[in-house]
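Asks: This is coords-v1.cif, which holds mmCIF, C-alpha atoms:
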data_input
#
loop_
_atom_site.label_atom_id
_atom_site.label_comp_id
_atom_site.auth_asym_id
_atom_site.auth_seq_id
_atom_site.Cartn_x
_atom_site.Cartn_y
_atom_site.Cartn_z
CA MET A 1 -20.29 -34.73 -49.42
CA SER A 2 -22.72 -32.71 -47.32
CA MET A 3 -21.99 -31.59 -43.77
CA GLU A 4 -24.76 -33.81 -42.37
CA LYS A 5 -23.21 -36.92 -43.91
CA ARG A 6 -19.78 -36.03 -42.55
CA ILE A 7 -21.17 -35.61 -39.05
CA LEU A 8 -23.07 -38.89 -39.30
CA ILE A 9 -19.94 -40.73 -40.48
CA ALA A 10 -17.97 -39.21 -37.61
CA PHE A 11 -20.56 -40.46 -35.13
CA VAL A 12 -20.52 -43.97 -36.60
CA LEU A 13 -16.72 -44.16 -36.62
CA SER A 14 -16.57 -42.92 -33.02
CA ALA A 15 -19.06 -45.59 -31.95
CA ILE A 16 -17.03 -48.29 -33.72
CA ILE A 17 -13.79 -47.11 -32.10
CA PHE A 18 -15.47 -47.05 -28.69
CA ALA A 19 -16.78 -50.60 -29.15
CA ILE A 20 -13.37 -51.92 -30.26
CA TRP A 21 -11.64 -50.10 -27.39
CA SER A 22 -14.06 -51.61 -24.85
CA ILE A 23 -13.37 -55.11 -26.18
CA ILE A 24 -9.58 -54.79 -26.31
CA PHE A 25 -9.26 -52.80 -23.09
CA PRO A 26 -12.13 -53.80 -20.79
CA PRO A 27 -12.68 -51.65 -17.69
CA PRO A 28 -10.60 -52.75 -14.69
CA LYS A 29 -12.39 -54.69 -12.01
CA PRO A 30 -12.89 -52.79 -8.77
CA VAL A 31 -10.16 -53.47 -6.25
CA ARG A 32 -11.21 -54.16 -2.71
CA THR A 33 -9.54 -51.99 -0.13
CA LYS A 34 -7.30 -54.05 2.07
CA VAL A 35 -8.06 -53.43 5.72
CA VAL A 36 -4.90 -52.38 7.52
CA GLU A 37 -4.67 -52.10 11.28
CA THR A 38 -4.01 -48.62 12.57
CA ALA A 39 -0.31 -48.19 13.25
CA VAL A 40 0.80 -46.13 16.23
CA THR A 41 4.44 -45.17 16.74
CA THR A 42 6.22 -42.63 18.92
CA ALA A 43 9.26 -40.43 18.47
CA ALA A 44 10.99 -38.89 21.48
CA SER A 45 11.38 -35.12 21.59
CA THR A 46 12.79 -32.92 24.31
CA VAL A 47 11.61 -29.47 25.30
CA ASP A 48 14.23 -26.97 26.37
CA GLU A 49 13.73 -24.07 28.78
CA THR A 50 12.39 -21.80 26.04
CA GLY A 51 9.75 -24.33 25.03
CA VAL A 52 11.44 -25.15 21.71
CA MET A 53 11.22 -28.81 20.80
CA GLU A 54 14.13 -30.85 19.52
CA GLU A 55 12.84 -33.94 17.77
CA GLY A 56 14.64 -37.19 18.44
CA SER A 57 14.61 -40.58 16.78
CA VAL A 58 11.86 -43.16 16.73
CA GLU A 59 11.66 -44.63 20.19
CA THR A 60 8.99 -47.33 20.28
CA ALA A 61 6.33 -48.90 18.13
CA ALA A 62 3.05 -49.75 19.81
CA VAL A 63 1.16 -52.56 18.13
CA ALA A 64 -2.62 -52.22 18.04
CA GLY A 65 -4.08 -54.19 20.92
CA THR A 66 -1.41 -53.27 23.44
CA GLN A 67 -1.27 -50.45 25.97
CA SER A 68 1.80 -48.26 26.30
CA LEU A 69 2.71 -45.10 28.18
CA LEU A 70 3.81 -42.55 25.59
CA GLY A 71 4.37 -39.41 27.64
CA ALA A 72 4.59 -38.02 31.14
CA THR A 73 2.47 -35.21 32.57
CA GLY A 74 4.60 -32.26 33.55
CA GLY A 75 7.81 -34.20 32.98
CA GLY A 76 9.27 -31.65 30.57
CA GLN A 77 9.59 -34.23 27.79
CA ALA A 78 7.30 -34.27 24.78
CA LEU A 79 6.71 -37.05 22.30
CA VAL A 80 5.59 -37.25 18.69
CA VAL A 81 2.89 -39.91 18.34
CA LYS A 82 1.95 -41.08 14.86
CA MET A 83 -1.21 -42.75 13.61
CA SER A 84 -1.80 -43.91 10.05
CA ASN A 85 -4.11 -45.80 7.75
CA ASP A 86 -4.17 -46.38 4.00
CA VAL A 87 -4.81 -42.72 3.09
CA MET A 88 -3.42 -40.59 5.96
CA ASP A 89 -0.40 -40.18 8.23
CA ILE A 90 -1.13 -38.09 11.34
CA ALA A 91 1.53 -36.94 13.81
CA PHE A 92 0.47 -35.71 17.25
CA ASN A 93 2.66 -33.79 19.66
CA THR A 94 2.09 -34.41 23.35
CA GLN A 95 3.07 -30.78 23.95
CA GLY A 96 -0.42 -29.37 23.53
CA ALA A 97 -1.81 -32.76 22.44
CA SER A 98 -2.33 -31.38 18.94
CA ILE A 99 -1.73 -32.40 15.33
CA GLU A 100 1.60 -31.17 14.01
CA SER A 101 1.25 -32.83 10.61
CA LEU A 102 -1.58 -34.43 8.66
CA VAL A 103 -0.34 -35.98 5.42
CA LEU A 104 -2.57 -37.23 2.60
CA LYS A 105 -0.67 -40.13 1.04
CA ARG A 106 -2.21 -39.89 -2.43
CA PHE A 107 -1.15 -36.29 -3.04
CA ASP A 108 2.05 -34.26 -3.33
CA ASP A 109 2.71 -30.59 -2.64
CA VAL A 110 4.42 -28.07 -4.94
CA ALA A 111 7.84 -29.42 -3.90
CA GLY A 112 6.89 -33.01 -4.76
CA GLU A 113 6.68 -34.02 -1.09
CA PRO A 114 3.66 -35.78 0.48
CA LEU A 115 0.94 -33.18 1.01
CA ASN A 116 0.73 -31.89 4.58
CA LEU A 117 -2.54 -30.09 5.35
CA VAL A 118 -1.06 -28.37 8.43
CA GLN A 119 0.23 -25.02 7.24
CA SER A 120 3.63 -23.66 8.33
CA VAL A 121 2.91 -20.38 10.11
CA GLU A 122 5.38 -18.27 12.08
CA HIS A 123 3.18 -16.35 14.50
CA PRO A 124 2.94 -16.37 18.32
CA GLU A 125 -0.83 -16.92 18.14
CA ARG A 126 -0.76 -19.76 15.62
CA THR A 127 -2.36 -23.02 16.67
CA HIS A 128 -2.33 -26.61 15.49
CA PRO A 129 -5.48 -28.66 14.91
CA LEU A 130 -7.06 -29.90 18.19
CA GLN A 131 -4.88 -27.58 20.30
CA MET A 132 -6.69 -26.00 23.25
CA VAL A 133 -6.63 -22.24 23.77
CA ILE A 134 -6.24 -21.37 27.47
CA ASP A 135 -6.71 -17.75 28.59
CA GLY A 136 -6.30 -16.60 25.00
CA SER A 137 -3.00 -18.42 24.40
CA PRO A 138 -2.26 -21.76 22.68
CA ASP A 139 -1.92 -24.62 25.15
CA THR A 140 1.72 -25.83 25.36
CA ARG A 141 1.48 -28.15 28.36
CA VAL A 142 2.82 -31.69 28.04
CA TYR A 143 0.13 -34.36 28.12
CA GLU A 144 0.31 -38.00 29.06
CA ALA A 145 -0.52 -40.24 26.10
CA VAL A 146 -1.79 -43.82 26.29
CA GLU A 147 -2.71 -46.08 23.36
CA THR A 148 -5.15 -48.96 23.80
CA ASN A 149 -6.48 -51.01 20.89
CA GLY A 150 -6.00 -48.16 18.42
CA LEU A 151 -7.58 -45.59 20.76
CA LEU A 152 -5.17 -42.79 21.67
CA THR A 153 -5.88 -40.81 24.86
CA PHE A 154 -4.10 -37.60 25.91
CA THR A 155 -4.51 -36.52 29.53
CA TRP A 156 -3.47 -33.43 31.49
CA ALA A 157 -4.37 -32.75 35.12
CA ASP A 158 -2.99 -30.46 37.81
CA GLY A 159 -4.32 -32.41 40.82
CA GLU A 160 -6.58 -29.50 41.81
CA GLY A 161 -9.67 -30.44 39.83
CA ARG A 162 -8.56 -29.06 36.47
CA SER A 163 -8.11 -31.57 33.68
CA ILE A 164 -8.27 -32.06 29.91
CA ILE A 165 -8.80 -35.47 28.31
CA LYS A 166 -8.59 -35.91 24.53
CA THR A 167 -9.40 -39.21 22.86
CA VAL A 168 -8.78 -39.83 19.15
CA SER A 169 -9.07 -42.80 16.82
CA ILE A 170 -8.67 -43.29 13.10
CA ASP A 171 -10.64 -45.60 10.81
CA GLN A 172 -10.18 -46.56 7.17
CA GLY A 173 -10.85 -43.23 5.53
CA TYR A 174 -10.26 -39.52 5.89
CA GLY A 175 -11.94 -39.09 9.28
CA LEU A 176 -10.37 -38.76 12.72
CA ASN A 177 -12.78 -39.40 15.60
CA VAL A 178 -12.32 -36.82 18.35
CA SER A 179 -13.69 -36.57 21.88
CA VAL A 180 -12.54 -33.89 24.35
CA GLU A 181 -13.59 -33.37 27.97
CA VAL A 182 -12.48 -30.26 29.86
CA GLN A 183 -13.05 -29.71 33.58
CA GLY A 184 -12.31 -26.68 35.74
CA VAL A 185 -10.53 -24.65 33.04
CA GLY A 186 -12.57 -21.44 32.72
CA PRO A 187 -16.29 -20.88 32.01
CA GLU A 188 -15.82 -21.71 28.32
CA SER A 189 -13.56 -24.23 26.63
CA VAL A 190 -11.85 -23.33 23.36
CA MET A 191 -10.34 -25.83 20.93
CA SER A 192 -8.64 -24.69 17.75
CA LEU A 193 -8.97 -26.34 14.37
CA GLY A 194 -5.65 -24.86 13.32
CA THR A 195 -4.22 -21.84 11.55
CA GLY A 196 -4.57 -21.94 7.78
CA MET A 197 -4.47 -25.11 5.69
CA ARG A 198 -1.47 -26.45 3.72
CA ASP A 199 1.47 -24.52 2.28
CA THR A 200 0.98 -23.07 -1.20
CA GLY A 201 3.41 -21.95 -3.88
CA PRO A 202 3.65 -18.50 -5.49
CA VAL A 203 1.98 -19.71 -8.70
CA GLU A 204 -1.12 -20.90 -6.87
CA ARG A 205 -1.26 -17.78 -4.71
CA ALA A 206 -1.07 -15.62 -7.84
CA ASN A 207 -3.98 -17.47 -9.46
CA ARG A 208 -7.04 -15.28 -8.94
CA PHE A 209 -9.35 -18.24 -9.62
CA ALA A 210 -7.82 -20.37 -6.84
CA THR A 211 -8.72 -20.12 -3.16
CA TRP A 212 -6.65 -21.36 -0.24
CA GLY A 213 -6.86 -21.25 3.54
CA ASP A 214 -10.39 -19.84 3.66
CA ALA A 215 -12.76 -20.65 6.51
CA THR A 216 -16.24 -22.11 6.19
CA VAL A 217 -19.15 -22.53 8.60
CA VAL A 218 -22.03 -24.78 7.53
CA THR A 219 -25.23 -25.12 9.54
CA VAL A 220 -28.46 -26.95 8.79
CA GLU A 221 -29.84 -23.72 7.35
CA ASP A 222 -26.93 -21.92 5.72
CA LYS A 223 -23.35 -22.04 4.44
CA GLU A 224 -21.07 -19.07 5.03
CA ASP A 225 -17.57 -18.75 3.58
CA TYR A 226 -14.95 -16.39 4.99
CA ARG A 227 -12.18 -15.27 2.64
CA ARG A 228 -8.82 -14.51 4.23
CA GLU A 229 -8.52 -11.05 2.75
CA LYS A 230 -12.07 -10.03 3.68
CA VAL A 231 -12.15 -11.03 7.35
CA ASP A 232 -11.59 -8.00 9.57
CA GLY A 233 -10.15 -8.88 12.97
CA SER A 234 -12.37 -11.52 14.56
CA VAL A 235 -15.73 -13.02 13.56
CA SER A 236 -18.00 -14.94 15.94
CA VAL A 237 -20.72 -17.30 14.67
CA GLN A 238 -23.28 -19.07 16.84
CA GLY A 239 -22.98 -22.86 16.74
CA THR A 240 -26.71 -23.58 16.70
CA GLY A 241 -27.39 -26.30 14.13
CA LEU A 242 -23.70 -26.54 13.20
CA ARG A 243 -22.91 -29.31 10.73
CA PHE A 244 -19.22 -28.61 10.23
CA THR A 245 -16.65 -25.83 10.26
CA GLY A 246 -12.99 -25.46 9.38
CA PHE A 247 -10.90 -24.76 6.29
CA GLU A 248 -11.30 -25.28 2.58
CA ASP A 249 -9.66 -24.27 -0.67
CA THR A 250 -10.08 -25.12 -4.33
CA TYR A 251 -8.86 -28.70 -3.95
CA PHE A 252 -8.99 -29.79 -0.27
CA LEU A 253 -10.87 -29.29 2.96
CA SER A 254 -10.23 -29.93 6.65
CA VAL A 255 -13.34 -29.50 8.79
CA PHE A 256 -14.70 -30.58 12.16
CA ARG A 257 -18.05 -32.36 11.87
CA ALA A 258 -19.59 -31.57 15.22
CA GLU A 259 -21.82 -34.07 16.98
CA GLU A 260 -22.18 -32.14 20.23
CA GLY A 261 -20.62 -29.46 22.39
CA VAL A 262 -19.98 -26.57 19.98
CA SER A 263 -21.78 -23.42 21.07
CA LYS A 264 -19.82 -20.92 19.00
CA VAL A 265 -17.26 -20.65 16.17
CA VAL A 266 -14.64 -17.90 16.28
CA ILE A 267 -12.58 -16.96 13.21
CA ASN A 268 -9.49 -14.85 13.86
CA LYS A 269 -7.33 -13.15 11.26
CA LEU A 270 -3.57 -13.23 11.81
CA SER A 271 -1.50 -10.73 9.85
CA LEU A 272 1.65 -12.02 8.18
CA THR A 273 3.93 -10.73 5.44
CA GLU A 274 6.22 -12.30 2.86
CA THR A 275 8.66 -11.12 0.21
CA ASP A 276 7.53 -11.76 -3.36
CA ASP A 277 9.66 -12.46 -6.44
CA LYS A 278 10.19 -8.72 -6.97
CA GLY A 279 11.60 -8.27 -3.48
CA GLU A 280 8.53 -6.40 -2.27
CA VAL A 281 6.90 -7.11 1.08
CA VAL A 282 3.27 -8.15 0.65
CA ASP A 283 0.52 -9.01 3.12
CA LEU A 284 -0.22 -12.70 3.57
CA PRO A 285 -3.08 -13.01 6.08
CA VAL A 286 -4.06 -16.39 7.54
CA LEU A 287 -7.15 -17.43 9.45
CA ARG A 288 -7.41 -19.31 12.74
CA VAL A 289 -10.63 -21.19 13.42
CA ASP A 290 -11.60 -21.97 17.03
CA ILE A 291 -14.66 -23.78 18.33
CA VAL A 292 -16.10 -22.92 21.75
CA SER A 293 -18.03 -25.10 24.19
CA SER A 294 -19.89 -23.88 27.25
CA SER A 295 -20.22 -27.44 28.58
CA GLY A 296 -16.55 -28.39 28.30
CA LEU A 297 -17.32 -31.22 25.87
CA PHE A 298 -16.34 -31.58 22.21
CA LYS A 299 -17.32 -34.59 20.16
CA GLY A 300 -17.14 -35.10 16.42
CA GLU A 301 -14.93 -35.99 13.49
CA LEU A 302 -12.03 -34.09 11.95
CA PHE A 303 -12.51 -34.76 8.24
CA SER A 304 -9.52 -33.87 6.04
CA ALA A 305 -9.80 -34.93 2.43
CA PRO A 306 -9.59 -33.99 -1.25
CA LYS A 307 -12.63 -32.37 -2.82
CA GLU A 308 -13.74 -35.37 -4.84
CA PHE A 309 -17.44 -35.30 -5.64
CA ASP A 310 -18.13 -39.01 -5.14
CA LEU A 311 -16.23 -39.05 -1.84
CA LEU A 312 -17.99 -36.00 -0.41
CA GLN A 313 -21.40 -37.15 -1.60
CA LYS A 314 -20.86 -40.55 0.00
CA GLU A 315 -19.87 -38.92 3.29
CA SER A 316 -23.01 -36.71 3.07
CA GLY A 317 -23.66 -34.26 5.89
CA GLY A 318 -23.49 -31.34 3.47
CA LEU A 319 -19.81 -31.83 2.60
CA GLU A 320 -20.65 -31.77 -1.12
CA GLU A 321 -21.74 -28.15 -0.65
CA THR A 322 -18.07 -27.18 -0.45
CA LEU A 323 -17.78 -27.92 -4.18
CA HIS A 324 -18.41 -24.68 -6.05
CA PHE A 325 -19.94 -25.25 -9.50
CA GLY A 326 -21.47 -21.79 -9.79
CA ILE A 327 -24.90 -21.05 -11.22
CA PHE A 328 -24.71 -24.15 -13.45
CA HIS A 329 -24.40 -26.49 -10.46
CA PRO A 330 -27.15 -29.01 -11.47
CA ILE A 331 -25.88 -29.24 -15.05
CA ALA A 332 -22.24 -29.52 -13.96
CA VAL A 333 -23.04 -32.30 -11.47
CA PHE A 334 -25.01 -34.22 -14.12
CA PHE A 335 -22.19 -34.12 -16.68
CA LEU A 336 -19.62 -34.92 -13.99
CA LYS A 337 -21.52 -38.09 -13.10
CA VAL A 338 -21.82 -39.05 -16.78
CA LEU A 339 -18.10 -38.40 -17.31
CA ARG A 340 -17.14 -40.56 -14.33
CA TRP A 341 -19.49 -43.31 -15.56
CA ILE A 342 -17.78 -43.32 -18.97
CA PHE A 343 -14.37 -43.29 -17.27
CA GLY A 344 -15.39 -46.44 -15.40
CA TYR A 345 -15.58 -48.22 -18.76
CA VAL A 346 -12.65 -46.77 -20.72
CA GLY A 347 -10.26 -46.12 -17.82
CA ASN A 348 -8.90 -42.99 -19.51
CA TRP A 349 -10.03 -39.42 -18.85
CA GLY A 350 -9.04 -38.25 -22.34
CA TRP A 351 -11.21 -40.85 -24.05
CA ALA A 352 -13.99 -40.20 -21.54
CA ILE A 353 -14.06 -36.51 -22.52
CA VAL A 354 -14.01 -37.37 -26.24
CA LEU A 355 -16.87 -39.85 -25.90
CA LEU A 356 -18.92 -37.44 -23.79
CA THR A 357 -18.42 -34.76 -26.45
CA VAL A 358 -19.52 -37.19 -29.18
CA ALA A 359 -22.59 -38.17 -27.15
CA ILE A 360 -23.57 -34.52 -26.71
CA ARG A 361 -23.12 -33.89 -30.44
CA MET A 362 -25.30 -36.89 -31.26
CA ALA A 363 -28.00 -35.70 -28.88
CA LEU A 364 -27.95 -32.26 -30.49
CA PHE A 365 -27.72 -33.58 -34.07
CA PRO A 366 -31.47 -33.30 -34.88
CA LEU A 367 -31.52 -29.68 -33.74
CA MET A 368 -28.27 -28.89 -35.58
CA HIS A 369 -29.53 -30.58 -38.74
CA LYS A 370 -32.78 -28.63 -38.66
CA SER A 371 -30.89 -25.39 -38.10
CA THR A 372 -28.51 -26.11 -40.99
CA VAL A 373 -31.36 -26.90 -43.39
CA SER A 374 -33.18 -23.72 -42.37
CA MET A 375 -30.02 -21.65 -42.89
CA ARG A 376 -29.50 -23.06 -46.39
CA ARG A 377 -33.07 -22.24 -47.32
CA MET A 378 -32.52 -18.68 -46.19
CA GLN A 379 -29.36 -18.49 -48.33
CA LYS A 380 -31.30 -19.53 -51.43
CA VAL A 381 -33.82 -16.79 -50.78
#
Once you've parsed the file, please lay out its structure as structure tokens.
Replies:
Amino acid sequence: MSMEKRILIAFVLSAIIFAIWSIIFPPPKPVRTKVVETAVTTAASTVDETGVMEEGSVETAAVAGTQSLLGATGGGQALVVKMSNDVMDIAFNTQGASIESLVLKRFDDVAGEPLNLVQSVEHPERTHPLQMVIDGSPDTRVYEAVETNGLLTFTWADGEGRSIIKTVSIDQGYGLNVSVEVQGVGPESVMSLGTGMRDTGPVERANRFATWGDATVVTVEDKEDYRREKVDGSVSVQGTGLRFTGFEDTYFLSVFRAEEGVSKVVINKLSLTETDDKGEVVDLPVLRVDIVSSSGLFKGELFSAPKEFDLLQKESGGLEETLHFGIFHPIAVFFLKVLRWIFGYVGNWGWAIVLLTVAIRMALFPLMHKSTVSMRRMQKV
């Protein structure tokens, strides 16, 4: 039997198997996302004289639609306030009114625990997402927190005209709506987007093809990535035409999609060390991304999500540009869409890859057949 006949038989058998599989195992019907009201709970924490927090037990649960006092300005007591939806759990700390954990429910970390995008960093200059930077130092003041109809407001004021008001809300998705108003606190207001992004294991850090904790700045005209090991000291980028900025790695991103207020982005490199498996001390730099406003206003969305093509393309705003397909970007995107379309029918990635391979072979069959015939003629000569 000739090679051409074998290939043709393989194509026919694959088509038959695909047809039978589609009949026996039809594609699952799309499931509608159940709308769940945003849940807000609080956990009491005390702050000792050194500023170290001791977390307590869950104190109250505020049902959406009610108003509750969750903290006290200058009272020395801090609270952990939690918001959640179907894909995220976010914990705020009223000391600094910042995010101390942002968990993606669908994903696990290297230890098998729910994935927290807030990286553990031991450094005096480390910041948490949405934490203000006052006179060059992370803000550690205790804010008053009030929840009304799913809208969480953090307020600090000294009674002398200086105040900071942060308002956040969470919808059904990976976005956190953020609005910050600063009055009387310096000529420029600085809000940090955090220090690094998620904890990584030694295997991932040793993978030269993987990236983690890098910074990105995307404007309407350009996209600039800043690798941890290549940033020297501090980098300042003008915020003109800023679309979003923050952190990204191979699999996830956490960026602030600015609507107004950002005049500048500052990326700082913090030097850390760790001991590797051989007992040697190695450098482990992390980046801190701050956004600066000359008007005292910040407004936008903190978007923290997996790098899934369909998700980022649906969100638009240039988020899909964080996916790195290399020089074959158009071809890779095309085949990715075809692969996902096939997966929608078979419900199995393995079969989707097999069927895509068969389809490519069928498309190339005329060219392959012509090449084989030409080669045989050359052999006879």
Asks: Atom CA of A:Phe107 and atom CA of A:His128 are how many Å apart?
Replies: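 If I compute the distance from atom CA of A:Phe107 to atom CA of A:His128, I get 20.9 Å.
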Asks: Rank A:Leu302, A:Met197, A:Leu104, A:Val266 by their smallest atom-to-atom distance to A:Arg243, using all atoms listed in the file, and report the top residue only.
Replies: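 Under the stated criterion, the closest residue is A:Leu302.
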Asks: Residue by residue, what does the PyMOL selection byres ((chain A and resi 213-226) around 8) grab here? Present the result as a compact mmCIF listing (two decimals) with C-alpha atoms, keeping the file's coordinate frame.
Replies:
# COMPACT_ATOMS: atom_id res chain seq x y z
CA GLY A 196 -4.57 -21.94 7.78
CA MET A 197 -4.47 -25.11 5.69
CA ARG A 198 -1.47 -26.45 3.72
CA THR A 211 -8.72 -20.12 -3.16
CA TRP A 212 -6.65 -21.36 -0.24
CA ARG A 227 -12.18 -15.27 2.64
CA ARG A 228 -8.82 -14.51 4.23
CA LYS A 230 -12.07 -10.03 3.68
CA VAL A 231 -12.15 -11.03 7.35
CA GLY A 239 -22.98 -22.86 16.74
CA THR A 240 -26.71 -23.58 16.70
CA GLY A 241 -27.39 -26.30 14.13
CA LEU A 242 -23.70 -26.54 13.20
CA ARG A 243 -22.91 -29.31 10.73
CA PHE A 244 -19.22 -28.61 10.23
CA THR A 245 -16.65 -25.83 10.26
CA GLY A 246 -12.99 -25.46 9.38
CA PHE A 247 -10.90 -24.76 6.29
CA GLU A 248 -11.30 -25.28 2.58
CA ASP A 249 -9.66 -24.27 -0.67
CA ILE A 267 -12.58 -16.96 13.21
CA VAL A 286 -4.06 -16.39 7.54
CA LEU A 287 -7.15 -17.43 9.45
CA VAL A 289 -10.63 -21.19 13.42
CA GLY A 318 -23.49 -31.34 3.47
Asks: Which one is closest to A:Leu193: A:Leu176, A:Ala206, A:Val255, A:Val168? Count all atoms listed in the file.
Replies: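 Closest to A:Leu193 of all the choices is A:Val255.
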Asks: Report the distance between atom CA of A:Thr200 and atom CA of A:Val121 in Å, rounded to one decimal place.
Replies: 11.8 Å
Asks: Which residues are near A:Thr153? Cut-off 12 Å, all atoms listed in the file, ignore same chain within fewer than 4 positions. Put them as a PyMOL selection string.
Replies: chain A and resi 67-71+81+92+94+97-98+143-149+164-169+177-181
Asks: State, in Å with one decimal place, the distance from atom CA of A:Asn85 to atom CA of A:Gly112.
Replies: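 Taking atom CA of A:Asn85 as the start and atom CA of A:Gly112 as the end point, the length is 21.0 Å.
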